[in-house]
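Engineer: Got a structure for you, my_file.txt, holding compact mmCIF, N, CA and C atoms.
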```txt
# COMPACT_ATOMS: atom_id res chain seq x y z
N GLN J 1 -5.05 -15.73 4.83
CA GLN J 1 -3.89 -14.85 5.02
C GLN J 1 -3.97 -13.70 4.04
N VAL J 2 -3.83 -12.51 4.57
CA VAL J 2 -3.91 -11.31 3.74
C VAL J 2 -2.55 -11.07 3.07
N GLN J 3 -2.59 -10.81 1.78
CA GLN J 3 -1.38 -10.47 1.05
C GLN J 3 -1.59 -9.20 0.25
N LEU J 4 -0.55 -8.40 0.19
CA LEU J 4 -0.58 -7.18 -0.61
C LEU J 4 0.46 -7.35 -1.71
N VAL J 5 0.03 -7.25 -2.93
CA VAL J 5 0.93 -7.42 -4.07
C VAL J 5 1.05 -6.11 -4.82
N GLU J 6 2.25 -5.58 -4.83
CA GLU J 6 2.51 -4.29 -5.48
C GLU J 6 3.08 -4.50 -6.87
N SER J 7 2.83 -3.54 -7.73
CA SER J 7 3.40 -3.56 -9.07
C SER J 7 3.49 -2.13 -9.59
N GLY J 8 4.27 -1.96 -10.66
CA GLY J 8 4.31 -0.67 -11.32
C GLY J 8 5.58 0.13 -11.11
N GLY J 9 6.48 -0.33 -10.27
CA GLY J 9 7.73 0.40 -10.09
C GLY J 9 8.64 0.25 -11.28
N GLY J 10 9.74 0.98 -11.26
CA GLY J 10 10.69 0.88 -12.35
C GLY J 10 11.61 2.07 -12.41
N LEU J 11 12.27 2.19 -13.56
CA LEU J 11 13.22 3.28 -13.81
C LEU J 11 12.58 4.27 -14.77
N VAL J 12 12.64 5.54 -14.42
CA VAL J 12 12.05 6.58 -15.25
C VAL J 12 12.92 7.82 -15.19
N GLN J 13 12.90 8.60 -16.25
CA GLN J 13 13.64 9.86 -16.24
C GLN J 13 12.88 10.92 -15.46
N ALA J 14 13.61 11.89 -14.97
CA ALA J 14 12.99 13.01 -14.27
C ALA J 14 11.94 13.66 -15.17
N GLY J 15 10.79 13.97 -14.57
CA GLY J 15 9.69 14.54 -15.32
C GLY J 15 8.70 13.50 -15.81
N GLY J 16 9.07 12.25 -15.71
CA GLY J 16 8.21 11.17 -16.18
C GLY J 16 7.17 10.77 -15.16
N SER J 17 6.43 9.71 -15.50
CA SER J 17 5.33 9.25 -14.66
C SER J 17 5.39 7.75 -14.46
N LEU J 18 4.87 7.33 -13.33
CA LEU J 18 4.68 5.92 -13.04
C LEU J 18 3.37 5.77 -12.28
N ARG J 19 2.78 4.59 -12.39
CA ARG J 19 1.57 4.28 -11.63
C ARG J 19 1.82 3.00 -10.84
N LEU J 20 1.72 3.11 -9.53
CA LEU J 20 1.86 1.95 -8.66
C LEU J 20 0.49 1.38 -8.34
N SER J 21 0.43 0.06 -8.24
CA SER J 21 -0.80 -0.62 -7.86
C SER J 21 -0.51 -1.55 -6.70
N CYS J 22 -1.51 -1.72 -5.85
CA CYS J 22 -1.39 -2.64 -4.73
C CYS J 22 -2.71 -3.39 -4.60
N ALA J 23 -2.67 -4.66 -4.92
CA ALA J 23 -3.86 -5.50 -4.86
C ALA J 23 -3.86 -6.31 -3.57
N VAL J 24 -5.00 -6.30 -2.90
CA VAL J 24 -5.14 -7.02 -1.63
C VAL J 24 -5.86 -8.34 -1.87
N SER J 25 -5.28 -9.42 -1.41
CA SER J 25 -5.92 -10.72 -1.52
C SER J 25 -6.03 -11.35 -0.14
N GLY J 26 -6.91 -12.34 -0.05
CA GLY J 26 -7.11 -13.00 1.23
C GLY J 26 -8.34 -12.47 1.93
N SER J 27 -8.57 -12.99 3.09
CA SER J 27 -9.77 -12.64 3.83
C SER J 27 -9.51 -11.41 4.68
N ILE J 28 -10.21 -10.35 4.33
CA ILE J 28 -10.07 -9.12 5.10
C ILE J 28 -11.46 -8.57 5.34
N PHE J 29 -11.77 -8.27 6.60
CA PHE J 29 -13.13 -7.90 6.95
C PHE J 29 -13.48 -6.49 6.48
N SER J 30 -12.65 -5.56 6.83
CA SER J 30 -12.90 -4.19 6.41
C SER J 30 -11.58 -3.45 6.40
N ILE J 31 -11.54 -2.42 5.60
CA ILE J 31 -10.32 -1.62 5.49
C ILE J 31 -10.61 -0.21 5.97
N ASN J 32 -9.84 0.23 6.93
CA ASN J 32 -10.02 1.57 7.45
C ASN J 32 -9.29 2.61 6.60
N ALA J 33 -8.07 2.24 6.21
CA ALA J 33 -7.27 3.18 5.43
C ALA J 33 -6.25 2.42 4.60
N MET J 34 -5.87 3.03 3.51
CA MET J 34 -4.85 2.47 2.62
C MET J 34 -3.84 3.57 2.34
N GLY J 35 -2.61 3.19 2.14
CA GLY J 35 -1.62 4.23 1.91
C GLY J 35 -0.36 3.71 1.26
N TRP J 36 0.47 4.65 0.91
CA TRP J 36 1.79 4.36 0.33
C TRP J 36 2.86 5.06 1.16
N TYR J 37 3.88 4.30 1.49
CA TYR J 37 5.05 4.82 2.18
C TYR J 37 6.25 4.61 1.26
N ARG J 38 7.32 5.31 1.57
CA ARG J 38 8.55 5.05 0.85
C ARG J 38 9.74 5.06 1.80
N GLN J 39 10.72 4.23 1.45
CA GLN J 39 11.93 4.14 2.24
C GLN J 39 13.09 4.64 1.38
N THR J 40 13.70 5.68 1.84
CA THR J 40 14.76 6.33 1.07
C THR J 40 16.07 5.56 1.22
N PRO J 41 17.06 5.87 0.37
CA PRO J 41 18.38 5.22 0.52
C PRO J 41 19.00 5.46 1.90
N GLU J 42 18.57 6.53 2.57
CA GLU J 42 19.05 6.79 3.92
C GLU J 42 18.30 5.97 4.96
N ASN J 43 17.42 5.09 4.49
CA ASN J 43 16.69 4.15 5.35
C ASN J 43 15.62 4.82 6.20
N HIS J 44 15.09 5.92 5.70
CA HIS J 44 14.02 6.62 6.39
C HIS J 44 12.70 6.32 5.70
N ARG J 45 11.69 5.81 6.45
CA ARG J 45 10.40 5.48 5.86
C ARG J 45 9.42 6.61 6.17
N GLU J 46 8.76 7.10 5.14
CA GLU J 46 7.84 8.22 5.31
C GLU J 46 6.53 7.94 4.59
N LEU J 47 5.47 8.54 5.11
CA LEU J 47 4.16 8.44 4.46
C LEU J 47 4.17 9.32 3.22
N VAL J 48 3.79 8.75 2.10
CA VAL J 48 3.69 9.50 0.86
C VAL J 48 2.26 9.99 0.65
N ALA J 49 1.31 9.07 0.78
CA ALA J 49 -0.09 9.41 0.57
C ALA J 49 -0.97 8.38 1.25
N GLY J 50 -2.12 8.83 1.71
CA GLY J 50 -3.07 7.94 2.35
C GLY J 50 -4.48 8.27 1.92
N ILE J 51 -5.35 7.25 2.04
CA ILE J 51 -6.76 7.44 1.70
C ILE J 51 -7.59 6.64 2.68
N THR J 52 -8.61 7.27 3.24
CA THR J 52 -9.45 6.60 4.23
C THR J 52 -10.59 5.84 3.54
N SER J 53 -11.33 5.10 4.32
CA SER J 53 -12.46 4.37 3.78
C SER J 53 -13.52 5.33 3.22
N GLY J 54 -13.53 6.53 3.75
CA GLY J 54 -14.47 7.53 3.25
C GLY J 54 -13.97 8.31 2.05
N GLY J 55 -12.75 8.02 1.64
CA GLY J 55 -12.21 8.69 0.46
C GLY J 55 -11.39 9.93 0.74
N ARG J 56 -11.20 10.25 2.01
CA ARG J 56 -10.40 11.42 2.32
C ARG J 56 -8.92 11.09 2.10
N THR J 57 -8.21 12.02 1.49
CA THR J 57 -6.80 11.79 1.15
C THR J 57 -5.89 12.76 1.88
N ASN J 58 -4.65 12.35 2.05
CA ASN J 58 -3.63 13.24 2.57
C ASN J 58 -2.31 12.89 1.90
N TYR J 59 -1.46 13.91 1.76
CA TYR J 59 -0.20 13.74 1.03
C TYR J 59 0.96 14.38 1.79
N ALA J 60 2.13 13.83 1.59
CA ALA J 60 3.33 14.49 2.06
C ALA J 60 3.50 15.79 1.28
N ASP J 61 4.01 16.81 1.93
CA ASP J 61 4.16 18.10 1.27
C ASP J 61 5.01 17.99 0.01
N SER J 62 5.97 17.09 0.03
CA SER J 62 6.91 16.97 -1.09
C SER J 62 6.27 16.40 -2.35
N VAL J 63 5.09 15.81 -2.23
CA VAL J 63 4.46 15.20 -3.41
C VAL J 63 3.13 15.85 -3.78
N LYS J 64 2.67 16.79 -2.99
CA LYS J 64 1.39 17.45 -3.27
C LYS J 64 1.41 18.08 -4.66
N GLY J 65 0.34 17.84 -5.40
CA GLY J 65 0.24 18.39 -6.74
C GLY J 65 0.88 17.52 -7.81
N ARG J 66 1.63 16.51 -7.38
CA ARG J 66 2.29 15.63 -8.35
C ARG J 66 1.78 14.19 -8.27
N PHE J 67 1.45 13.75 -7.06
CA PHE J 67 1.00 12.37 -6.85
C PHE J 67 -0.49 12.37 -6.53
N THR J 68 -1.15 11.30 -6.94
CA THR J 68 -2.57 11.13 -6.64
C THR J 68 -2.81 9.69 -6.18
N ILE J 69 -3.43 9.56 -5.01
CA ILE J 69 -3.79 8.24 -4.51
C ILE J 69 -5.27 7.99 -4.79
N SER J 70 -5.59 6.75 -5.15
CA SER J 70 -6.98 6.40 -5.39
C SER J 70 -7.17 4.93 -5.02
N ARG J 71 -8.42 4.53 -4.92
CA ARG J 71 -8.70 3.15 -4.56
C ARG J 71 -9.88 2.63 -5.34
N ASP J 72 -9.88 1.34 -5.57
CA ASP J 72 -10.99 0.65 -6.20
C ASP J 72 -11.50 -0.35 -5.18
N ASN J 73 -12.64 -0.04 -4.56
CA ASN J 73 -13.14 -0.89 -3.48
C ASN J 73 -13.56 -2.26 -3.99
N ALA J 74 -14.07 -2.33 -5.19
CA ALA J 74 -14.52 -3.61 -5.73
C ALA J 74 -13.32 -4.55 -5.95
N LYS J 75 -12.22 -4.00 -6.39
CA LYS J 75 -11.02 -4.80 -6.65
C LYS J 75 -10.10 -4.87 -5.44
N ILE J 76 -10.43 -4.13 -4.41
CA ILE J 76 -9.59 -4.00 -3.20
C ILE J 76 -8.16 -3.68 -3.63
N THR J 77 -8.05 -2.59 -4.34
CA THR J 77 -6.77 -2.17 -4.89
C THR J 77 -6.58 -0.69 -4.64
N VAL J 78 -5.36 -0.32 -4.32
CA VAL J 78 -5.03 1.09 -4.15
C VAL J 78 -3.95 1.45 -5.16
N TYR J 79 -4.05 2.65 -5.69
CA TYR J 79 -3.14 3.10 -6.73
C TYR J 79 -2.40 4.37 -6.28
N LEU J 80 -1.25 4.58 -6.88
CA LEU J 80 -0.53 5.83 -6.68
C LEU J 80 -0.04 6.29 -8.04
N GLN J 81 -0.67 7.32 -8.55
CA GLN J 81 -0.25 7.92 -9.80
C GLN J 81 0.81 8.97 -9.49
N MET J 82 1.98 8.79 -10.05
CA MET J 82 3.10 9.69 -9.76
C MET J 82 3.50 10.40 -11.05
N ASN J 83 3.34 11.70 -11.05
CA ASN J 83 3.70 12.53 -12.20
C ASN J 83 4.83 13.47 -11.83
N SER J 84 5.45 14.03 -12.84
CA SER J 84 6.54 15.00 -12.63
C SER J 84 7.56 14.47 -11.63
N LEU J 85 7.97 13.24 -11.85
CA LEU J 85 8.88 12.60 -10.90
C LEU J 85 10.23 13.30 -10.86
N LYS J 86 10.80 13.29 -9.65
CA LYS J 86 12.09 13.92 -9.41
C LYS J 86 13.08 12.88 -8.89
N PRO J 87 14.37 13.12 -9.06
CA PRO J 87 15.35 12.15 -8.53
C PRO J 87 15.17 11.88 -7.04
N GLU J 88 14.72 12.88 -6.30
CA GLU J 88 14.53 12.68 -4.85
C GLU J 88 13.32 11.80 -4.54
N ASP J 89 12.54 11.43 -5.52
CA ASP J 89 11.46 10.47 -5.32
C ASP J 89 11.96 9.03 -5.34
N THR J 90 13.22 8.86 -5.69
CA THR J 90 13.81 7.52 -5.71
C THR J 90 13.72 6.87 -4.34
N ALA J 91 13.13 5.68 -4.30
CA ALA J 91 12.94 4.98 -3.03
C ALA J 91 12.27 3.63 -3.31
N VAL J 92 12.19 2.83 -2.26
CA VAL J 92 11.34 1.65 -2.31
C VAL J 92 9.98 2.07 -1.76
N TYR J 93 8.94 1.82 -2.52
CA TYR J 93 7.59 2.23 -2.14
C TYR J 93 6.83 1.02 -1.60
N TYR J 94 6.19 1.21 -0.45
CA TYR J 94 5.46 0.15 0.22
C TYR J 94 3.98 0.51 0.34
N CYS J 95 3.15 -0.47 0.06
CA CYS J 95 1.72 -0.33 0.25
C CYS J 95 1.39 -0.71 1.70
N ASN J 96 0.44 -0.01 2.29
CA ASN J 96 0.04 -0.27 3.67
C ASN J 96 -1.48 -0.27 3.77
N ILE J 97 -1.99 -1.26 4.52
CA ILE J 97 -3.43 -1.37 4.75
C ILE J 97 -3.67 -1.46 6.25
N ILE J 98 -4.61 -0.66 6.72
CA ILE J 98 -5.03 -0.74 8.12
C ILE J 98 -6.44 -1.31 8.16
N SER J 99 -6.56 -2.44 8.87
CA SER J 99 -7.85 -3.09 9.02
C SER J 99 -8.05 -3.39 10.49
N GLY J 100 -8.91 -2.60 11.14
CA GLY J 100 -9.08 -2.75 12.58
C GLY J 100 -7.78 -2.47 13.29
N VAL J 101 -7.30 -3.44 14.05
CA VAL J 101 -6.02 -3.27 14.75
C VAL J 101 -4.86 -3.87 13.96
N MET J 102 -5.16 -4.39 12.77
CA MET J 102 -4.13 -5.04 11.96
C MET J 102 -3.53 -4.05 10.99
N ASN J 103 -2.24 -4.22 10.77
CA ASN J 103 -1.47 -3.34 9.90
C ASN J 103 -0.71 -4.23 8.92
N TYR J 104 -1.05 -4.15 7.63
CA TYR J 104 -0.45 -5.01 6.63
C TYR J 104 0.45 -4.21 5.70
N TRP J 105 1.54 -4.87 5.26
CA TRP J 105 2.50 -4.22 4.37
C TRP J 105 2.75 -5.08 3.13
N GLY J 106 3.00 -4.40 2.03
CA GLY J 106 3.42 -5.08 0.82
C GLY J 106 4.93 -5.34 0.87
N GLN J 107 5.42 -5.98 -0.17
CA GLN J 107 6.84 -6.35 -0.20
C GLN J 107 7.73 -5.22 -0.68
N GLY J 108 7.13 -4.19 -1.23
CA GLY J 108 7.90 -3.05 -1.70
C GLY J 108 8.20 -3.13 -3.19
N THR J 109 8.21 -1.98 -3.83
CA THR J 109 8.56 -1.90 -5.24
C THR J 109 9.51 -0.72 -5.43
N GLN J 110 10.57 -0.95 -6.19
CA GLN J 110 11.60 0.07 -6.37
C GLN J 110 11.18 1.08 -7.43
N VAL J 111 11.31 2.34 -7.08
CA VAL J 111 11.13 3.44 -8.03
C VAL J 111 12.45 4.19 -8.11
N THR J 112 12.99 4.30 -9.31
CA THR J 112 14.25 5.00 -9.51
C THR J 112 14.04 6.08 -10.56
N VAL J 113 14.37 7.31 -10.19
CA VAL J 113 14.20 8.44 -11.10
C VAL J 113 15.58 8.98 -11.43
N SER J 114 15.92 8.94 -12.70
CA SER J 114 17.23 9.42 -13.14
C SER J 114 17.15 10.88 -13.55
N SER J 115 18.23 11.58 -13.32
CA SER J 115 18.26 13.02 -13.66
C SER J 115 18.74 13.25 -15.08
```
Is it possible to express this structure as structure tokens?

Structural biologist:
Amino acid sequence: QVQLVESGGGLVQAGGSLRLSCAVSGSIFSINAMGWYRQTPENHRELVAGITSGGRTNYADSVKGRFTISRDNAKITVYLQMNSLKPEDTAVYYCNIISGVMNYWGQGTQVTVSS
């Protein structure tokens, strides 16, 4: 059974930084893409950043230049470095893995940015 375990969320002041990690465990054949989504207090889930197996990245316009997604293939872990955080970044952040036709989600980690 594939499990995604997220860590690194918390409370930070505006302008601060956090680093999210998502470790994948269990039997997984191959990973096509890894990404981070967030669910806002208004209950809207949006893609924050994604990275393909080839290393190509994409970001939501609202986080470009502030967030960086990366992956460690040996550890099967994806990271999200978040800098210059803003109150509007407050959300529950979810890790997502696409493997073939399978779509896996983490349990979510809360990020709260105070003004």

Engineer: Compile the contact shell of J:Ile51 as an NGL selection string: residues with an atom at most 6 Å away, counting only N, CA and C atoms, same-chain residues fewer than 4 positions apart removed.

Structural biologist: :J and (32-35 or 55-58)

Engineer: Interatomic distance between atom C of J:Lys75 and atom CA of J:Ala91?

Structural biologist: 25.2 Å

Engineer: With only C-alpha atoms as the atoms that count, which of J:Leu11, J:Val101, J:Cys22, J:Ile28 lies nearest to J:Ser70?

Structural biologist: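 Among the listed residues, the smallest separation from J:Ser70 belongs to J:Cys22.
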
Engineer: Would you please work out which residue, of J:Glu88, J:Asp61, J:Glu6, J:Asp72, is nearest to J:Trp36 when using only C-alpha atoms?

Structural biologist: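 Among J:Glu88, J:Asp61, J:Glu6, J:Asp72, it is J:Glu6 that comes nearest to J:Trp36.
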
Engineer: Could you work out how far atom CA of J:Val2 lies from atom CA of J:Ser99, giving the answer in Å with one decimal?

Structural biologist: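 Going from atom CA of J:Ser99 over to atom CA of J:Val2 covers 10.5 Å.
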
Engineer: How many Å lie between atom C of J:Tyr93 and atom C of J:Phe29, rounded to one decimal?

Structural biologist: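 Computing it gives 23.1 Å between the two atoms.
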
Engineer: Quick one: of J:Leu20, J:Val92, J:Met102, J:Ile31, who's nearest to J:Thr68, counting only C-alpha atoms?

Structural biologist: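 Looking only at the distances to J:Thr68, the closest residue turns out to be J:Leu20.
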
Engineer: Need the shell around J:Val5: protein/DNA/RNA residues with any atom at most 6.5 Å away, counting all atoms listed in the file. Skip same-chain ones fewer than 5 positions apart. Format as a list of chain:residue names?

Structural biologist: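 Once the adjacent positions are removed, what remains is J:Ser21, J:Cys22, J:Ala23, J:Val24, J:Ser25, J:Gly106, J:Gln107.
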
Engineer: Kindly indicate which residue among J:Thr40, J:Thr90, J:Ser30, J:Thr52 lies nearest to J:Ser114, using all atoms listed in the file for the distances.

Structural biologist: J:Thr90

Engineer: As a PyMOL selection string, please: all residues of chain J that backbone DSSP puts in strand (DSSP E or B).

Structural biologist: chain J and resi 3-7+10-13+18-25+33-39+45-52+57-59+67-72+77-82+91-99+102-105+109-114

Engineer: Taking 6 positions as the minimum chain separation for residues in the same chain, which residues sit within 7 Å of J:Leu47 when counting only C-alpha atoms? Answer as a ChimeraX atom specification.

Structural biologist: /J:36-38,60

Engineer: Hey, which of J:Gly15, J:Gly10, J:Gly54, J:Gly100 ends up closest to J:Asn83? Count only C-alpha atoms.

Structural biologist: J:Gly15

Engineer: With only C-alpha atoms as the basis for distance, which of J:Ser62, J:Asn103, J:Asn73, J:Thr109 is at the shortest distance from J:Ser7?

Structural biologist: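 Checking each of J:Ser62, J:Asn103, J:Asn73, J:Thr109 against J:Ser7, counting only C-alpha atoms, the winner is J:Thr109.
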
Engineer: Got a sec: who's within 9 Å of J:Tyr104, counting only C-alpha atoms, leaving out chain neighbours fewer than 3 positions off, as a PyMOL selection string?

Structural biologist: chain J and resi 2-4+95-99

Engineer: Neighbouring residues of J:Val113 were defined as those with any atom within 6 Å, considering all atoms listed in the file; residues of the same chain fewer than 3 positions away were excluded. Please report them as a ChimeraX atom specification.

Structural biologist: /J:11-14,86-87,89-90

Engineer: Keeping only N, CA and C atoms, take the residues you just selected and write them out as a PDB file, in the frame of the given file.

Structural biologist:
```
ATOM      1  N   LEU J  11      12.270   2.190 -13.560  1.00  0.00           N
ATOM      2  CA  LEU J  11      13.220   3.280 -13.810  1.00  0.00           C
ATOM      3  C   LEU J  11      12.580   4.270 -14.770  1.00  0.00           C
ATOM      4  N   VAL J  12      12.640   5.540 -14.420  1.00  0.00           N
ATOM      5  CA  VAL J  12      12.050   6.580 -15.250  1.00  0.00           C
ATOM      6  C   VAL J  12      12.920   7.820 -15.190  1.00  0.00           C
ATOM      7  N   GLN J  13      12.900   8.600 -16.250  1.00  0.00           N
ATOM      8  CA  GLN J  13      13.640   9.860 -16.240  1.00  0.00           C
ATOM      9  C   GLN J  13      12.880  10.920 -15.460  1.00  0.00           C
ATOM     10  N   ALA J  14      13.610  11.890 -14.970  1.00  0.00           N
ATOM     11  CA  ALA J  14      12.990  13.010 -14.270  1.00  0.00           C
ATOM     12  C   ALA J  14      11.940  13.660 -15.170  1.00  0.00           C
ATOM     13  N   LYS J  86      10.800  13.290  -9.650  1.00  0.00           N
ATOM     14  CA  LYS J  86      12.090  13.920  -9.410  1.00  0.00           C
ATOM     15  C   LYS J  86      13.080  12.880  -8.890  1.00  0.00           C
ATOM     16  N   PRO J  87      14.370  13.120  -9.060  1.00  0.00           N
ATOM     17  CA  PRO J  87      15.350  12.150  -8.530  1.00  0.00           C
ATOM     18  C   PRO J  87      15.170  11.880  -7.040  1.00  0.00           C
ATOM     19  N   ASP J  89      12.540  11.430  -5.520  1.00  0.00           N
ATOM     20  CA  ASP J  89      11.460  10.470  -5.320  1.00  0.00           C
ATOM     21  C   ASP J  89      11.960   9.030  -5.340  1.00  0.00           C
ATOM     22  N   THR J  90      13.220   8.860  -5.690  1.00  0.00           N
ATOM     23  CA  THR J  90      13.810   7.520  -5.710  1.00  0.00           C
ATOM     24  C   THR J  90      13.720   6.870  -4.340  1.00  0.00           C
TER      25      THR J  90
END
```
